[in-house]
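work_18.pdb, holding PDB, C-alpha atoms:
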```pdb
ATOM      1  CA  MET A   1     -28.238  -1.040  15.058
ATOM      2  CA  ILE A   2     -27.750   1.219  12.021
ATOM      3  CA  CYS A   3     -26.572  -0.712   8.974
ATOM      4  CA  LYS A   4     -26.828   0.457   5.380
ATOM      5  CA  ASP A   5     -27.009  -1.440   2.100
ATOM      6  CA  ILE A   6     -25.162  -0.774  -1.129
ATOM      7  CA  THR A   7     -26.162  -2.824  -4.146
ATOM      8  CA  TYR A   8     -25.000  -2.765  -7.732
ATOM      9  CA  ASN A   9     -28.468  -1.919  -9.095
ATOM     10  CA  GLN A  10     -28.950   0.944  -6.649
ATOM     11  CA  TYR A  11     -25.617   2.336  -7.699
ATOM     12  CA  ILE A  12     -25.732   1.941 -11.469
ATOM     13  CA  ASN A  13     -29.379   2.869 -12.008
ATOM     14  CA  ASN A  14     -28.916   6.357 -10.567
ATOM     15  CA  THR A  15     -27.535   7.700 -13.839
ATOM     16  CA  ASN A  16     -29.281  11.044 -13.543
ATOM     17  CA  ASN A  17     -27.632  11.915 -10.245
ATOM     18  CA  ASN A  18     -24.060  12.514  -9.226
ATOM     19  CA  THR A  19     -24.427  10.549  -6.017
ATOM     20  CA  ILE A  20     -25.711   7.235  -4.715
ATOM     21  CA  THR A  21     -29.237   7.739  -3.380
ATOM     22  CA  ASN A  22     -31.317   6.120  -0.608
ATOM     23  CA  ASN A  23     -29.032   7.173   2.223
ATOM     24  CA  LYS A  24     -28.499  10.417   4.082
ATOM     25  CA  HIS A  25     -24.851  10.573   3.045
ATOM     26  CA  GLU A  26     -25.616  11.314  -0.640
ATOM     27  CA  LYS A  27     -23.612  14.522  -0.727
ATOM     28  CA  ASP A  28     -20.486  12.756   0.549
ATOM     29  CA  ILE A  29     -20.250  10.197  -2.275
ATOM     30  CA  LEU A  30     -17.951  10.968  -5.213
ATOM     31  CA  GLU A  31     -19.447  11.515  -8.644
ATOM     32  CA  ILE A  32     -21.062   8.369  -9.950
ATOM     33  CA  LYS A  33     -19.478   8.756 -13.373
ATOM     34  CA  ASN A  34     -15.922   8.218 -12.098
ATOM     35  CA  ARG A  35     -16.827   5.189 -10.030
ATOM     36  CA  LYS A  36     -18.886   3.698 -12.855
ATOM     37  CA  GLU A  37     -15.791   3.812 -15.049
ATOM     38  CA  ILE A  38     -13.710   2.016 -12.417
ATOM     39  CA  ILE A  39     -16.407  -0.600 -11.856
ATOM     40  CA  GLN A  40     -16.697  -1.235 -15.579
ATOM     41  CA  LYS A  41     -12.919  -1.652 -15.861
ATOM     42  CA  ILE A  42     -13.046  -4.237 -13.079
ATOM     43  CA  LYS A  43     -15.873  -6.076 -14.839
ATOM     44  CA  ASN A  44     -13.844  -6.119 -18.057
ATOM     45  CA  LYS A  45     -10.859  -7.514 -16.177
ATOM     46  CA  LEU A  46     -13.000 -10.318 -14.744
ATOM     47  CA  GLU A  47     -13.830 -11.750 -18.155
ATOM     48  CA  ASN A  48     -10.518 -13.553 -18.649
ATOM     49  CA  ASN A  49      -9.055 -13.339 -15.172
ATOM     50  CA  ILE A  50      -6.744 -16.158 -14.040
ATOM     51  CA  ASP A  51      -7.353 -17.360 -10.478
ATOM     52  CA  ASN A  52      -3.811 -18.478  -9.650
ATOM     53  CA  PRO A  53      -1.218 -16.639 -11.746
ATOM     54  CA  LYS A  54       2.532 -16.800 -11.210
ATOM     55  CA  LEU A  55       3.719 -14.844  -8.163
ATOM     56  CA  LYS A  56       4.614 -11.251  -8.963
ATOM     57  CA  ILE A  57       7.625 -10.370  -6.831
ATOM     58  CA  GLU A  58       8.999  -6.842  -6.616
ATOM     59  CA  THR A  59      12.160  -5.699  -4.852
ATOM     60  CA  ILE A  60      12.543  -2.583  -2.713
ATOM     61  CA  ASN A  61      15.663  -1.184  -1.148
ATOM     62  CA  ILE A  62      15.865   0.002   2.447
ATOM     63  CA  ASN A  63      18.842   2.208   3.139
ATOM     64  CA  ASN A  64      19.513   2.978   6.790
ATOM     65  CA  GLN A  65      21.990   5.841   7.051
ATOM     66  CA  ASN A  66      22.201   5.515  10.844
ATOM     67  CA  THR A  67      23.517   1.951  10.668
ATOM     68  CA  ASN A  68      25.077   2.209   7.216
ATOM     69  CA  THR A  69      23.098  -0.808   6.009
ATOM     70  CA  ASN A  70      21.541  -1.453   2.634
ATOM     71  CA  ARG A  71      18.925  -4.199   2.329
ATOM     72  CA  ASN A  72      16.890  -5.537  -0.554
ATOM     73  CA  ILE A  73      13.449  -6.736   0.495
ATOM     74  CA  ASN A  74      11.277  -8.811  -1.850
ATOM     75  CA  ILE A  75       7.528  -8.145  -1.974
ATOM     76  CA  VAL A  76       5.136 -10.883  -3.074
ATOM     77  CA  GLN A  77       2.621  -8.407  -4.444
ATOM     78  CA  ASP A  78      -0.799 -10.063  -4.536
ATOM     79  CA  GLY A  79      -2.316  -6.609  -4.878
ATOM     80  CA  TYR A  80      -2.208  -7.404  -8.608
ATOM     81  CA  LEU A  81      -4.913 -10.018  -8.001
ATOM     82  CA  ILE A  82      -8.485  -8.732  -8.065
ATOM     83  CA  ALA A  83      -9.336 -10.471  -4.787
ATOM     84  CA  GLY A  84      -5.877 -10.713  -3.223
ATOM     85  CA  THR A  85      -4.163 -13.925  -2.118
ATOM     86  CA  LYS A  86      -7.415 -15.744  -1.322
ATOM     87  CA  GLN A  87      -8.393 -15.386  -4.984
ATOM     88  CA  ARG A  88      -5.907 -18.184  -5.630
ATOM     89  CA  VAL A  89      -8.038 -20.627  -3.668
ATOM     90  CA  ALA A  90     -11.569 -19.235  -3.261
ATOM     91  CA  GLN A  91     -13.214 -20.977  -6.195
ATOM     92  CA  ILE A  92     -11.723 -24.441  -5.657
ATOM     93  CA  PHE A  93     -12.343 -24.178  -1.902
ATOM     94  CA  ILE A  94     -16.051 -23.385  -2.254
ATOM     95  CA  LYS A  95     -16.413 -26.014  -4.976
ATOM     96  CA  SER A  96     -14.962 -28.549  -2.561
ATOM     97  CA  ILE A  97     -17.284 -27.446   0.237
ATOM     98  CA  LEU A  98     -20.396 -27.536  -1.942
ATOM     99  CA  LYS A  99     -19.463 -30.909  -3.439
ATOM    100  CA  ASN A 100     -19.304 -32.467   0.023
ATOM    101  CA  ASN A 101     -22.359 -30.641   1.324
ATOM    102  CA  LYS A 102     -25.521 -32.739   1.406
ATOM    103  CA  ASN A 103     -27.567 -29.586   0.902
ATOM    104  CA  ASN A 104     -27.845 -28.933  -2.828
ATOM    105  CA  LYS A 105     -30.086 -25.885  -2.417
ATOM    106  CA  ILE A 106     -27.279 -23.380  -1.737
ATOM    107  CA  ASP A 107     -27.516 -20.380  -4.038
ATOM    108  CA  THR A 108     -26.040 -17.599  -1.887
ATOM    109  CA  LEU A 109     -22.684 -17.146  -0.136
ATOM    110  CA  LEU A 110     -22.607 -15.003   3.005
ATOM    111  CA  TYR A 111     -19.577 -13.412   4.642
ATOM    112  CA  ALA A 112     -19.087 -11.113   7.628
ATOM    113  CA  GLY A 113     -15.814  -9.235   7.929
ATOM    114  CA  SER A 114     -14.105  -5.866   8.121
ATOM    115  CA  ILE A 115     -14.679  -3.146   5.544
ATOM    116  CA  ASN A 116     -11.019  -3.012   4.477
ATOM    117  CA  GLY A 117     -10.533  -6.792   4.322
ATOM    118  CA  PHE A 118     -10.258  -9.019   1.263
ATOM    119  CA  GLY A 119     -12.088 -12.068   2.650
ATOM    120  CA  PRO A 120     -15.382 -10.497   1.516
ATOM    121  CA  VAL A 121     -13.897  -9.748  -1.915
ATOM    122  CA  ALA A 122     -12.608 -13.317  -2.307
ATOM    123  CA  THR A 123     -16.047 -14.648  -1.347
ATOM    124  CA  ALA A 124     -17.788 -12.384  -3.870
ATOM    125  CA  TYR A 125     -15.214 -13.306  -6.523
ATOM    126  CA  CYS A 126     -15.943 -16.992  -5.989
ATOM    127  CA  ALA A 127     -19.718 -16.447  -6.112
ATOM    128  CA  PHE A 128     -19.332 -14.470  -9.339
ATOM    129  CA  LYS A 129     -17.245 -17.221 -10.935
ATOM    130  CA  LEU A 130     -19.631 -19.989  -9.841
ATOM    131  CA  GLY A 131     -22.843 -18.167 -10.755
ATOM    132  CA  LEU A 132     -23.991 -17.822  -7.142
ATOM    133  CA  LYS A 133     -25.379 -14.809  -5.302
ATOM    134  CA  CYS A 134     -23.370 -13.122  -2.591
ATOM    135  CA  HIS A 135     -24.140 -10.913   0.399
ATOM    136  CA  VAL A 136     -21.331  -9.506   2.527
ATOM    137  CA  PHE A 137     -21.694  -7.763   5.881
ATOM    138  CA  LEU A 138     -18.899  -5.331   6.676
ATOM    139  CA  GLY A 139     -18.054  -3.758  10.012
ATOM    140  CA  GLY A 140     -16.422  -0.381  10.547
ATOM    141  CA  GLY A 141     -17.734   1.765   7.720
ATOM    142  CA  ILE A 142     -20.561   3.967   8.967
ATOM    143  CA  ASN A 143     -18.721   6.816  10.689
ATOM    144  CA  ASN A 144     -16.871   7.988   7.593
ATOM    145  CA  TRP A 145     -19.183   6.935   4.781
ATOM    146  CA  LYS A 146     -17.408   8.749   1.957
ATOM    147  CA  THR A 147     -13.952   7.413   2.783
ATOM    148  CA  ASN A 148     -15.072   3.887   3.535
ATOM    149  CA  THR A 149     -17.351   3.318   0.545
ATOM    150  CA  ASN A 150     -15.258   4.732  -2.277
ATOM    151  CA  THR A 151     -12.519   2.112  -1.969
ATOM    152  CA  ARG A 152     -11.048  -0.623  -4.103
ATOM    153  CA  GLN A 153     -12.713  -3.196  -1.857
ATOM    154  CA  ILE A 154     -16.219  -1.729  -2.136
ATOM    155  CA  ASN A 155     -15.989  -0.924  -5.854
ATOM    156  CA  THR A 156     -14.753  -4.448  -6.554
ATOM    157  CA  LEU A 157     -17.628  -5.921  -4.551
ATOM    158  CA  ILE A 158     -20.057  -3.832  -6.610
ATOM    159  CA  ALA A 159     -18.426  -5.011  -9.840
ATOM    160  CA  LEU A 160     -18.827  -8.592  -8.613
ATOM    161  CA  ASN A 161     -22.591  -8.005  -8.182
ATOM    162  CA  SER A 162     -22.424  -8.620  -4.447
ATOM    163  CA  LYS A 163     -24.977  -7.154  -2.086
ATOM    164  CA  ILE A 164     -23.208  -5.132   0.588
ATOM    165  CA  THR A 165     -24.404  -4.275   4.083
ATOM    166  CA  ILE A 166     -22.187  -1.882   6.025
ATOM    167  CA  CYS A 167     -22.428  -1.747   9.827
ATOM    168  CA  PRO A 168     -20.740   0.252  12.611
ATOM    169  CA  THR A 169     -18.825  -2.758  13.974
ATOM    170  CA  TYR A 170     -17.870  -6.309  13.052
ATOM    171  CA  ARG A 171     -20.169  -7.595  15.795
ATOM    172  CA  ASN A 172     -23.082  -5.721  14.215
ATOM    173  CA  ALA A 173     -22.171  -7.251  10.872
ATOM    174  CA  ARG A 174     -22.208 -10.758  12.333
ATOM    175  CA  LYS A 175     -25.606 -10.123  13.901
ATOM    176  CA  MET A 176     -27.035  -8.950  10.588
ATOM    177  CA  GLU A 177     -25.630 -12.014   8.835
ATOM    178  CA  PHE A 178     -27.229 -14.262  11.450
ATOM    179  CA  LYS A 179     -30.548 -12.410  11.243
ATOM    180  CA  LEU A 180     -30.712 -12.958   7.494
ATOM    181  CA  SER A 181     -29.574 -16.574   7.432
ATOM    182  CA  ASN A 182     -31.088 -18.095  10.561
ATOM    183  CA  ASN A 183     -34.027 -20.452  10.195
ATOM    184  CA  PRO A 184     -36.599 -19.143  12.729
ATOM    185  CA  SER A 185     -38.148 -22.593  13.095
ATOM    186  CA  LYS A 186     -34.801 -24.162  14.027
ATOM    187  CA  LYS A 187     -32.655 -22.105  16.380
ATOM    188  CA  TRP A 188     -28.995 -21.731  15.258
ATOM    189  CA  ASN A 189     -29.788 -23.444  11.973
ATOM    190  CA  THR A 190     -28.918 -21.753   8.684
ATOM    191  CA  LEU A 191     -31.568 -21.574   5.981
ATOM    192  CA  PRO A 192     -30.847 -24.155   3.242
ATOM    193  CA  ASN A 193     -30.136 -21.686   0.428
ATOM    194  CA  TYR A 194     -27.335 -19.930   2.348
ATOM    195  CA  PHE A 195     -23.743 -20.931   3.017
ATOM    196  CA  ILE A 196     -21.814 -18.881   5.578
ATOM    197  CA  VAL A 197     -18.202 -18.677   4.461
ATOM    198  CA  PRO A 198     -15.841 -18.840   7.474
ATOM    199  CA  MET A 199     -13.690 -15.870   8.439
ATOM    200  CA  GLY A 200     -10.761 -15.649   6.039
ATOM    201  CA  LEU A 201     -12.182 -18.731   4.277
ATOM    202  CA  ASN A 202     -10.328 -20.534   7.064
ATOM    203  CA  ASP A 203     -12.427 -23.631   7.793
ATOM    204  CA  ASP A 204     -11.966 -25.857  10.848
ATOM    205  CA  ASN A 205     -10.911 -28.827   8.714
ATOM    206  CA  ASN A 206      -8.063 -26.893   7.033
ATOM    207  CA  ILE A 207      -9.449 -27.619   3.562
ATOM    208  CA  MET A 208      -8.717 -24.084   2.391
ATOM    209  CA  VAL A 209      -5.251 -24.050   3.964
ATOM    210  CA  ASN A 210      -4.171 -27.237   2.209
ATOM    211  CA  LEU A 211      -5.613 -26.134  -1.131
ATOM    212  CA  LEU A 212      -3.967 -22.716  -0.871
ATOM    213  CA  ALA A 213      -0.598 -24.287  -0.059
ATOM    214  CA  LYS A 214      -0.801 -26.295  -3.294
ATOM    215  CA  GLN A 215      -1.803 -23.193  -5.261
ATOM    216  CA  ILE A 216       1.097 -21.190  -3.821
ATOM    217  CA  LYS A 217       3.551 -23.936  -4.764
ATOM    218  CA  LYS A 218       2.267 -23.844  -8.338
ATOM    219  CA  ALA A 219       2.410 -20.039  -8.466
ATOM    220  CA  SER A 220       5.990 -19.959  -7.147
ATOM    221  CA  ILE A 221       7.388 -21.963 -10.081
ATOM    222  CA  GLY A 222       9.777 -19.818 -12.071
ATOM    223  CA  THR A 223      10.262 -17.242  -9.297
ATOM    224  CA  ILE A 224      12.875 -16.698  -6.585
ATOM    225  CA  MET A 225      10.597 -18.800  -4.340
ATOM    226  CA  LYS A 226      10.586 -21.810  -6.690
ATOM    227  CA  ASN A 227      12.488 -24.010  -4.213
ATOM    228  CA  ASN A 228       9.871 -25.065  -1.672
ATOM    229  CA  ASN A 229      12.509 -26.719   0.511
ATOM    230  CA  LYS A 230      14.682 -23.619   0.795
ATOM    231  CA  LYS A 231      14.751 -21.598   3.995
ATOM    232  CA  TYR A 232      13.164 -18.201   3.339
ATOM    233  CA  ARG A 233      12.448 -15.474   5.874
ATOM    234  CA  ILE A 234       8.819 -14.451   5.293
ATOM    235  CA  TRP A 235       6.965 -11.538   6.893
ATOM    236  CA  CYS A 236       3.160 -11.252   6.868
ATOM    237  CA  VAL A 237       0.125 -10.315   8.915
ATOM    238  CA  ALA A 238      -2.215 -12.933  10.343
ATOM    239  CA  GLY A 239      -5.932 -12.347  10.870
ATOM    240  CA  SER A 240      -7.636 -15.728  10.884
ATOM    241  CA  GLY A 241      -4.207 -17.264  10.226
ATOM    242  CA  GLY A 242      -5.105 -19.156   7.064
ATOM    243  CA  ILE A 243      -2.517 -17.607   4.765
ATOM    244  CA  VAL A 244       0.468 -18.005   7.086
ATOM    245  CA  HIS A 245      -0.625 -21.586   7.784
ATOM    246  CA  ALA A 246      -0.722 -22.277   4.036
ATOM    247  CA  LEU A 247       2.674 -20.624   3.582
ATOM    248  CA  SER A 248       4.158 -22.802   6.304
ATOM    249  CA  LEU A 249       2.963 -25.882   4.397
ATOM    250  CA  ALA A 250       4.222 -24.569   1.053
ATOM    251  CA  PHE A 251       7.620 -23.579   2.490
ATOM    252  CA  PRO A 252       8.078 -25.852   5.525
ATOM    253  CA  LYS A 253      11.737 -24.959   6.195
ATOM    254  CA  SER A 254      11.180 -21.207   6.199
ATOM    255  CA  GLU A 255      11.049 -18.736   9.074
ATOM    256  CA  PHE A 256       7.847 -16.734   9.543
ATOM    257  CA  HIS A 257       7.558 -13.364  11.225
ATOM    258  CA  ILE A 258       3.890 -12.569  11.732
ATOM    259  CA  TYR A 259       1.953  -9.624  13.060
ATOM    260  CA  LEU A 260      -1.430 -10.542  14.558
ATOM    261  CA  THR A 261      -4.363  -8.432  13.403
ATOM    262  CA  GLY A 262      -7.266 -10.646  14.456
ATOM    263  CA  GLY A 263      -9.121 -10.478  17.730
ATOM    264  CA  GLY A 264     -10.902 -12.802  20.145
ATOM    265  CA  GLY A 265     -11.024 -16.458  19.204
ATOM    266  CA  TYR A 266      -9.208 -15.898  15.900
ATOM    267  CA  ARG A 267      -6.215 -14.369  17.653
ATOM    268  CA  LYS A 268      -6.092 -17.178  20.209
ATOM    269  CA  LYS A 269      -6.286 -19.768  17.443
ATOM    270  CA  VAL A 270      -3.289 -18.286  15.634
ATOM    271  CA  ILE A 271      -1.280 -18.004  18.848
ATOM    272  CA  ASP A 272      -2.019 -21.616  19.828
ATOM    273  CA  TRP A 273      -1.055 -22.815  16.344
ATOM    274  CA  SER A 274       2.150 -20.740  16.362
ATOM    275  CA  LYS A 275       3.277 -22.233  19.670
ATOM    276  CA  LYS A 276       3.424 -25.647  18.021
ATOM    277  CA  HIS A 277       6.068 -24.444  15.567
ATOM    278  CA  ASN A 278       9.579 -23.258  16.370
ATOM    279  CA  ASN A 279       9.961 -21.376  13.076
ATOM    280  CA  ILE A 280       7.314 -18.720  13.811
ATOM    281  CA  THR A 281       7.927 -15.401  15.554
ATOM    282  CA  ILE A 282       4.960 -13.315  16.724
ATOM    283  CA  LEU A 283       5.973  -9.688  16.328
ATOM    284  CA  ASN A 284       3.301  -8.478  18.739
ATOM    285  CA  ASP A 285       5.475  -9.900  21.534
ATOM    286  CA  LEU A 286       8.222  -7.401  20.695
ATOM    287  CA  PRO A 287       8.193  -3.759  21.830
ATOM    288  CA  GLU A 288       5.509  -1.959  19.836
ATOM    289  CA  LEU A 289       6.800   0.084  16.899
ATOM    290  CA  LYS A 290       5.150   3.256  15.623
ATOM    291  CA  TYR A 291       3.047   2.747  12.500
ATOM    292  CA  ASN A 292       3.677   5.256   9.698
ATOM    293  CA  TYR A 293       1.432   4.960   6.647
ATOM    294  CA  ASN A 294       3.231   7.636   4.644
ATOM    295  CA  ASP A 295       6.589   5.966   5.181
ATOM    296  CA  ARG A 296       5.342   2.590   3.975
ATOM    297  CA  LYS A 297       3.658   4.156   0.948
ATOM    298  CA  LYS A 298       7.051   5.404  -0.271
ATOM    299  CA  TYR A 299       8.160   1.796  -0.689
ATOM    300  CA  TYR A 300       5.240  -0.334  -1.862
ATOM    301  CA  SER A 301       1.462  -0.578  -2.223
ATOM    302  CA  SER A 302      -0.527  -2.369   0.478
ATOM    303  CA  VAL A 303      -3.743  -2.312   2.517
ATOM    304  CA  ARG A 304      -3.617   0.554   4.964
ATOM    305  CA  GLU A 305      -3.658  -0.391   8.644
ATOM    306  CA  TYR A 306      -3.905  -4.082   7.832
ATOM    307  CA  ASP A 307      -1.284  -5.700   5.582
ATOM    308  CA  ASP A 308       1.100  -2.802   6.063
ATOM    309  CA  LEU A 309       1.116  -3.111   9.865
ATOM    310  CA  ILE A 310       4.068  -5.415   9.281
ATOM    311  CA  TRP A 311       6.126  -2.576   7.787
ATOM    312  CA  PRO A 312       7.769  -0.950  10.865
ATOM    313  CA  TYR A 313       8.990  -4.385  12.001
ATOM    314  CA  VAL A 314      10.323  -5.213   8.548
ATOM    315  CA  LYS A 315      12.125  -1.898   8.414
ATOM    316  CA  LYS A 316      13.787  -2.453  11.788
ATOM    317  CA  TYR A 317      14.418  -6.195  11.909
ATOM    318  CA  ALA A 318      14.371  -7.646   8.363
ATOM    319  CA  GLN A 319      17.528  -8.948   6.731
ATOM    320  CA  ASP A 320      18.751  -8.555   3.180
ATOM    321  CA  GLY A 321      16.743 -10.854   0.889
ATOM    322  CA  ASP A 322      13.761 -11.246   3.221
ATOM    323  CA  ILE A 323      10.237 -11.550   1.786
ATOM    324  CA  ILE A 324       7.037  -9.674   2.596
ATOM    325  CA  TRP A 325       3.890 -11.587   1.624
ATOM    326  CA  ASN A 326       1.538  -8.725   0.770
ATOM    327  CA  VAL A 327      -2.032 -10.049   0.551
ATOM    328  CA  SER A 328      -3.464  -7.130  -1.404
ATOM    329  CA  SER A 329      -3.545  -3.375  -1.892
ATOM    330  CA  ASP A 330      -5.852  -0.388  -1.611
ATOM    331  CA  ASP A 331      -4.671   0.659  -5.078
ATOM    332  CA  TYR A 332      -6.071  -0.741  -8.320
ATOM    333  CA  LEU A 333      -2.835  -2.447  -9.312
ATOM    334  CA  PHE A 334      -4.662  -4.989 -11.491
ATOM    335  CA  LEU A 335      -6.202  -2.390 -13.824
TER
END
```
Can you turn what I pasted into structure tokens?
Amino acid sequence: MICKDITYNQYINNTNNNTITNNKHEKDILEIKNRKEIIQKIKNKLENNIDNPKLKIETININNQNTNTNRNINIVQDGYLIAGTKQRVAQIFIKSILKNNKNNKIDTLLYAGSINGFGPVATAYCAFKLGLKCHVFLGGGINNWKTNTNTRQINTLIALNSKITICPTYRNARKMEFKLSNNPSKKWNTLPNYFIVPMGLNDDNNIMVNLLAKQIKKASIGTIMKNNNKKYRIWCVAGSGGIVHALSLAFPKSEFHIYLTGGGGYRKKVIDWSKKHNNITILNDLPELKYNYNDRKKYYSSVREYDDLIWPYVKKYAQDGDIIWNVSSDDYLFL
């Protein structure tokens, strides 16, 4: 298993070089000066950052000349949040977990996820705010080191002082997380100073989901989504399913059109949950539509090949006034 580490100190201390050292991909990394400036801007933004600001909703227009239709689509743009939608709940969720945890020795949060996801960023954001250490393990970033390490997600993790381990696959990342945290004297028992944050912060007891629903209600005050009992048509992706679950609690009379991005047990969990509700449509059950990154980019900012996988279905099936819940963005909208 070939995994590589990126840490803040490794990155910043190499001021005499134009590249990050200690890996064979030095020549592929962009000049350190430019990334240092971005990282410093993120750090400055963190000083007075609000966890749960009012929803920022933008409107785009989709004009279909073939059908002579003109639709306005509203975008809940959480790309303006440093850590995306989960920023709204990360700190209060972990506080709740730690408060009810008998182990008071926890000093480090661990998270295993995908390299383009924002679960790791939300975890690191929470650790930063609470004065804890953080180590994230990310799958899918080795093959194209330059592209996958000079991203908003990675630069934000560096700014949040998180240790980063990048692995070829998510499974490799999970194995590395287990190797670090497992107590060798007690099989399948995590060492007392570590807390493994669940995928998408989506715990089995729905603590995060219920807290996020309350946060979303607060953030919707004064927006077009201020009426929690109104029927909205909301489009979003679902990985672990935590965000769409929270949205369904915040807006119980709404319709939800979701595109599944998770795999294995996470996918099954979302499907099983969806079957219990008659107001949820799984778009993966429809004929597959061709994904076009460049087309989506003309309309709004999102996370490539994750949040924006919803786009072709929105473009074909959405109605005037529908809402896309966009969890975050690859662009630095918050700077």
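Taking CA of Met225 in chain A and CA of Lys253 in chain A as the two end points, the separation is 12.3 Å.
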Shell around range 207-219 of chain A at 12 Å using only C-alpha atoms, local window under 3 positions removed, as a PyMOL selection string: chain A and resi 50-57+76+78+85-97+100+197-204+222-229+240-252+325
Pairwise distance, CA of Cys167 in chain A with CA of Gly139 in chain A, equals 4.8 Å
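CA of Gly239 in chain A lies 17.6 Å from CA of Tyr291 in chain A.
Closest to Ile60 in chain A among A:Asp308, A:Asp330, A:Glu288, A:Asp322 is A:Asp322, based on all atoms listed in the file.
With all atoms listed in the file as the basis for measurement, A:Ala124 is the residue among A:Leu309, A:Ile39, A:Ala318, A:Ala124 that approaches Ala112 in chain A most closely.
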Could you give me the axis-aligned bounding box of range 296-310 of chain A, with 4 Å of padding per side, as centre plus edge lengths in Å to one decimal, as JSON?
```
{"center_x": 2.1, "center_y": -0.1, "center_z": 3.8, "size_x": 20.1, "size_y": 19.1, "size_z": 20.1}
```
Give me, as a PDB file with C-alpha atoms, in the frame of the given file, all polymer residues having an atom no more than 10 Å from Lys290 in chain A, counting only C-alpha atoms and skipping those fewer than 2 positions away in the same chain.
```
ATOM      1  CA  PRO A 287       8.193  -3.759  21.830  1.00  0.00           C
ATOM      2  CA  GLU A 288       5.509  -1.959  19.836  1.00  0.00           C
ATOM      3  CA  ASN A 292       3.677   5.256   9.698  1.00  0.00           C
ATOM      4  CA  TYR A 293       1.432   4.960   6.647  1.00  0.00           C
ATOM      5  CA  LEU A 309       1.116  -3.111   9.865  1.00  0.00           C
ATOM      6  CA  TRP A 311       6.126  -2.576   7.787  1.00  0.00           C
ATOM      7  CA  PRO A 312       7.769  -0.950  10.865  1.00  0.00           C
ATOM      8  CA  TYR A 313       8.990  -4.385  12.001  1.00  0.00           C
TER       9      TYR A 313
END
```
Residues matched by the PyMOL selection byres ((chain A and resi 237) around 7) as a VMD selection string = chain A and resid 236 238 to 239 258 to 261 307 310
